[in-house]
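Enquirer: Here's a structure for you.
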2 protein chains.
Amino acid sequence: MNNLIKAYHNKKVLITGGLGFIGSNLAHRLVELGAQVTIIDSLIWAYGGNMFNIEDIKEKVNLNIGDIRDRYSINHLVKGQDYLFNLAGQVSHIDSMKDPFTDLEINVTGQVSILESCRQYNPGIKIIYPSSRQIYGKPQYLPVDEIHPVCPTDVNGININAGEWYHILYNNVYGIRATSLRMTNVYGPRQMIKHNRQGFIGWFVRMAVEGKKIQIYGDGEQKRDLNFVDDVCDALLMAGVSEKANGQIYNLGDQEVVSLKDLAQLIIQISGQGNFELIPWPKDKKRIDIGDYYGNFSKIKTELGWKPKTDLKNGLKITVEYYKKYLDKYLV
Amino acid sequence: MNNLIKAYHNKKVLITGGLGFIGSNLAHRLVELGAQVTIIDSLIWAYGGNMFNIEDIKEKVNLNIGDIRDRYSINHLVKGQDYLFNLAGQVSHIDSMKDPFTDLEINVTGQVSILESCRQYNPGIKIIYPSSRQIYGKPQYLPVDEIHPVCPTDVNGININAGEWYHILYNNVYGIRATSLRMTNVYGPRQMIKHNRQGFIGWFVRMAVEGKKIQIYGDGEQKRDLNFVDDVCDALLMAGVSEKANGQIYNLGDQEVVSLKDLAQLIIQISGQGNFELIPWPKDKKRIDIGDYYGNFSKIKTELGWKPKTDLKNGLKITVEYYKKYLDKYLV
């Protein structure tokens, strides 16, 4: 922590997607650490951006509404920044299948645009890119490590993978320091729960907090590892300050593995309300499903000293409590 | 061969990039096989398209000038086609680094556009996609097989890789049959030799045929395997008719491995003119160079029965003879 204060105090930090789930949690951490934070966010309705996410730090950050597809504004905004947490993205698997072009424009063309801006206007910047477990597709073995073959099962996975390669390429060829973190399912306060197309955890929490029924596809035995958002912010911050991490790709992950059914039951128990049912797989979701997944995160543990500190039960307690308090802020 | 006549006779075949090197050679083969060939080509000056490439079959094919980035025209052109050889692309590694956006538009967005057209207007089509050895980056072992990790060292490699995944995804999710062939260096008649940004072989041949000096970077000991274009056309045609190939990725390659220095000497000897010199690596080329590469093609050999039939010496003789005869057609 002292290490991180030293690294980020008074530093200029740009967060794309900074009104979103992970971006806004990271902004809170960086404000605490004394950084000068600039947020770029497009506030596209279906995505994760939410003004309430920075309500308590809004006087302490510089907010710039903008879209990473807007090549010209980014040129200006990267200038003079020490760090870029490149968190803006289209993250819905199912939306990427329905509209591959938008996913491609944001997650690939937008990334190239940002990297070109850095190359031209700020090659000394350090960039952290959030990749995803999803690029591995259906695991060939478990837990999945970084050398597991990449085999994306949806459009979003292909594009996230390309975005990751672009970051590594610009690191290797142009010396623009970049690190990619392949995230597993992340949960916690400030996650988008307006609709259920961006992952199941936030939606499960919403259903429970509203006293409704959580629907789980199939037998509910699909296994996942989950990271609490504070632990993910730790990983982002640690990768940011590590020179060893330049050009590297790291899995995140958790030692705890849980079935979706057990997860739903745990959320219901913590909330003290809600229930669940098993329903057949919708065809469009089944064909891009990956079965069980959990990651091997020993590379980042060994090289950067990161490991998740929040166990699932505690993380879910904090999350449920947050949404009980602020549910109305996340419904519109 | 009888097998191929049966498969392609009277069939409707669309070739994007059909005025280019591989596309036009394939068009000749398909005309011989009795197929009804439609060619799409944008004739962008710096790329491989050349009207002379179909001079002798121009009455037997349907030529449609068009760009695969033009989403609407493609919708119409895929209708009713039995096969699509999806050969249009930006192929210069060095140009992709100078202008990543154009490479991305053609090699990714253009591919998604074609696949979406097929999904909407002709889901029964069979597609063959030309991928590249280049997506492997610097080989971790030799010969490189299909399970070798993908690690592209330039923008073009990242985009070719994404284009390949899109084809496999549309095969797996939507049942639009697609096969990807990861090509190594291809040479032969009808290759673009106007400039040297699309690979070394055509350029070496041009220099020799013009009696000039072939320049080789570094010590000239970099090893490569080369495929003669007729053999590549065989692979494309065989993959087209094989149901086993659907959703599969195959390396091409050759049993013969040659250093660039030995290749230059062989071309000079066959041409009876020209000479060569070793020069230091230009910085922009060195940083995307991959060192030695040769491929393991036993998967396609076993599954589809393909192997290259033309040895390097004979292939180069045919090539040199062709350019001696038609050099002026390939300089402007």
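Naming works like this for the structure tokens: A, B, ... for the chains as they're shown, residue 1 at the start of each chain, ligands 1 onward in shown order.
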Taking only C-alpha atoms into account, which residues of chain A are within 7 Å of chain B, as a list in words?

Expert: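 That gives Pro149, Thr153, Asp154, Ile158, Ala162, Trp165, Leu169, Val173 and Arg287 of chain A for chain A.
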
Enquirer: Take the residues just selected and output them with C-alpha atoms as a compact mmCIF listing (two decimals), in the first residue's frame.

Expert:
# COMPACT_ATOMS: atom_id res chain seq x y z
CA PRO A 149 -4.73 -22.24 -26.25
CA THR A 153 -16.44 -18.83 -28.74
CA ASP A 154 -18.01 -15.46 -29.43
CA ILE A 158 -12.18 -12.57 -30.71
CA ALA A 162 -7.14 -8.76 -30.80
CA TRP A 165 -2.42 -8.42 -28.96
CA LEU A 169 2.57 -5.44 -29.99
CA VAL A 173 7.61 -2.81 -31.18
CA ARG A 287 -24.07 -21.97 -28.36

Enquirer: Hey, what's within 10 Å of A:Lys6 if we count only C-alpha atoms and toss same-chain stuff fewer than 6 positions away? As a list in words, please?

Expert: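 The filter keeps Leu33, Gly34 and Val241 of chain A.
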
Enquirer: Deliver the residues from the most recent selection as a file, using N, CA and C atoms, as a CSV table (one decimal), in the first residue's frame.

Expert:
chain,number,residue,atom,x,y,z
A,33,LEU,N,-5.3,7.3,-3.1
A,33,LEU,CA,-3.8,7.3,-3.2
A,33,LEU,C,-3.2,8.6,-3.6
A,34,GLY,N,-4.1,9.6,-3.8
A,34,GLY,CA,-3.6,10.9,-4.2
A,34,GLY,C,-3.2,11.2,-5.6
A,241,VAL,N,2.4,-0.3,-11.7
A,241,VAL,CA,3.7,0.2,-11.2
A,241,VAL,C,4.9,-0.8,-11.5

Enquirer: Pull the strand (DSSP E) assignments for stretch 89-282 of chain A out of DSSP run on the backbone, and list those residues as a ChimeraX atom specification.

Expert: /A:126-132,178-183,185-187,213-217,223-224,226-228,249-251,258-259,275-279

Enquirer: Using only C-alpha atoms, which of A:Leu115, A:Leu19, A:Ala245, A:Leu304 sits nearest A:Glu55?

Expert: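 The shortest atom-to-atom distance to A:Glu55 comes from A:Leu19.
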
Enquirer: I'd like to know which of A:Pro123, A:Gly247, A:Gly274, A:Gly253 is closest to A:Ile214, using only C-alpha atoms.

Expert: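 Of the candidates, the smallest distance to A:Ile214 is held by A:Gly274.
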
Enquirer: Write out as JSON lines a residue-level contact list of stretch 64-116 of chain B versus stretch 10-13 of chain B with cut-off 7 Å: for each qualifying residue the closest pair of atoms and the distance in Å to one decimal, counting only C-alpha atoms, rows sorted by chain and residue number upward.

Expert:
{"residue": "B:Gln81", "atom": "CA", "partner": "B:Lys12", "partner_atom": "CA", "distance": 4.9}
{"residue": "B:Asp82", "atom": "CA", "partner": "B:Lys12", "partner_atom": "CA", "distance": 5.2}
{"residue": "B:Tyr83", "atom": "CA", "partner": "B:Val13", "partner_atom": "CA", "distance": 4.8}
{"residue": "B:Leu84", "atom": "CA", "partner": "B:Val13", "partner_atom": "CA", "distance": 5.9}

Enquirer: Next, write the just-selected residues to a file, as an mmCIF file, in the first residue's frame, keeping N, CA and C atoms as the atom set.

Expert:
data_model
loop_
_atom_site.group_PDB
_atom_site.id
_atom_site.type_symbol
_atom_site.label_atom_id
_atom_site.label_comp_id
_atom_site.auth_asym_id
_atom_site.auth_seq_id
_atom_site.Cartn_x
_atom_site.Cartn_y
_atom_site.Cartn_z
ATOM 1 N N GLN B 81 -24.151 -18.330 -54.471
ATOM 2 C CA GLN B 81 -22.823 -18.927 -54.663
ATOM 3 C C GLN B 81 -22.718 -20.236 -53.874
ATOM 4 N N ASP B 82 -22.011 -21.225 -54.478
ATOM 5 C CA ASP B 82 -21.757 -22.477 -53.767
ATOM 6 C C ASP B 82 -20.501 -22.396 -52.898
ATOM 7 N N TYR B 83 -19.487 -21.710 -53.434
ATOM 8 C CA TYR B 83 -18.205 -21.611 -52.730
ATOM 9 C C TYR B 83 -17.732 -20.163 -52.710
ATOM 10 N N LEU B 84 -17.057 -19.825 -51.637
ATOM 11 C CA LEU B 84 -16.409 -18.514 -51.563
ATOM 12 C C LEU B 84 -14.955 -18.715 -51.162
#

Enquirer: I need the residue nearest A:His9 from this list: A:Lys309, A:Tyr136, A:Leu30, A:Lys299. Use only C-alpha atoms for the distance.

Expert: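 Result for the nearest residue to A:His9: A:Leu30.
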
Enquirer: Show me, as a compact mmCIF listing (two decimals) with N, CA and C atoms, in the first residue's frame, the residues that have an atom within 7 Å of B:Gly188 when counting only C-alpha atoms, minus same-chain residues fewer than 2 positions from it.

Expert:
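Output below, filename around_17.txt:
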# COMPACT_ATOMS: atom_id res chain seq x y z
N ARG B 190 2.01 -14.48 -61.71
CA ARG B 190 0.89 -13.56 -61.39
C ARG B 190 1.01 -12.89 -60.02
N GLN B 191 2.20 -12.97 -59.43
CA GLN B 191 2.39 -12.30 -58.14
C GLN B 191 2.73 -10.82 -58.38
N PHE B 228 4.68 -23.41 -54.08
CA PHE B 228 4.34 -22.95 -55.43
C PHE B 228 2.83 -22.74 -55.49
N VAL B 229 2.42 -21.70 -56.21
CA VAL B 229 1.01 -21.29 -56.16
C VAL B 229 0.04 -22.39 -56.63
N GLY B 315 9.48 -24.98 -59.63
CA GLY B 315 8.57 -23.85 -59.40
C GLY B 315 9.22 -22.53 -59.78
N THR B 319 8.34 -19.77 -62.73
CA THR B 319 8.13 -18.38 -62.30
C THR B 319 9.03 -17.42 -63.08

Enquirer: In Å, with one decimal, what is the gap from atom CA of B:Lys307 to atom CA of B:Leu252?

Expert: 8.3 Å

Enquirer: What's around A:Gln90 at 10 Å? Count only C-alpha atoms, leave out sequence neighbours fewer than 6 positions away in its own chain, and write the answer as an NGL selection string.

Expert: :A and (17 or 44 or 46-48 or 96 or 102-107 or 156 or 159-160 or 198)

Enquirer: Residues at most 6 Å from stretch 69-79 of chain B, counting only C-alpha atoms, excluding those fewer than 5 positions away in the same chain, as an mmCIF file with C-alpha atoms, in the first residue's frame?

Expert:
data_model
loop_
_atom_site.group_PDB
_atom_site.id
_atom_site.type_symbol
_atom_site.label_atom_id
_atom_site.label_comp_id
_atom_site.auth_asym_id
_atom_site.auth_seq_id
_atom_site.Cartn_x
_atom_site.Cartn_y
_atom_site.Cartn_z
ATOM 1 C CA GLY B 110 -14.338 -6.561 -44.193
ATOM 2 C CA SER B 113 -19.042 -7.967 -43.284
ATOM 3 C CA SER B 117 -23.682 -11.292 -45.656
ATOM 4 C CA TYR B 121 -28.224 -14.242 -47.567
ATOM 5 C CA ASN B 122 -26.442 -17.546 -48.142
#

Enquirer: Quick one: of A:Trp203, A:Tyr294, A:Tyr330, A:Tyr8, who's nearest to A:Val31, counting only C-alpha atoms?

Expert: A:Tyr8

Enquirer: Determine which residues of stretch 56-183 of chain A DSSP labels as alpha helix (DSSP H) from the backbone of this structure, then write them out as a PyMOL selection string.

Expert: chain A and resi 71-77+93-98+100-104+110-121+155-174

Enquirer: Give me, please, the distance in Å between atom CA of B:Gly80 and atom CA of B:Lys126, quoted to one decimal.

Expert: 11.4 Å

Enquirer: Find the residues around A:Ser132 up to 7 Å (only C-alpha atoms counted), leave out those fewer than 5 positions away in its own chain, and share them as a ChimeraX atom specification.

Expert: /A:182-184
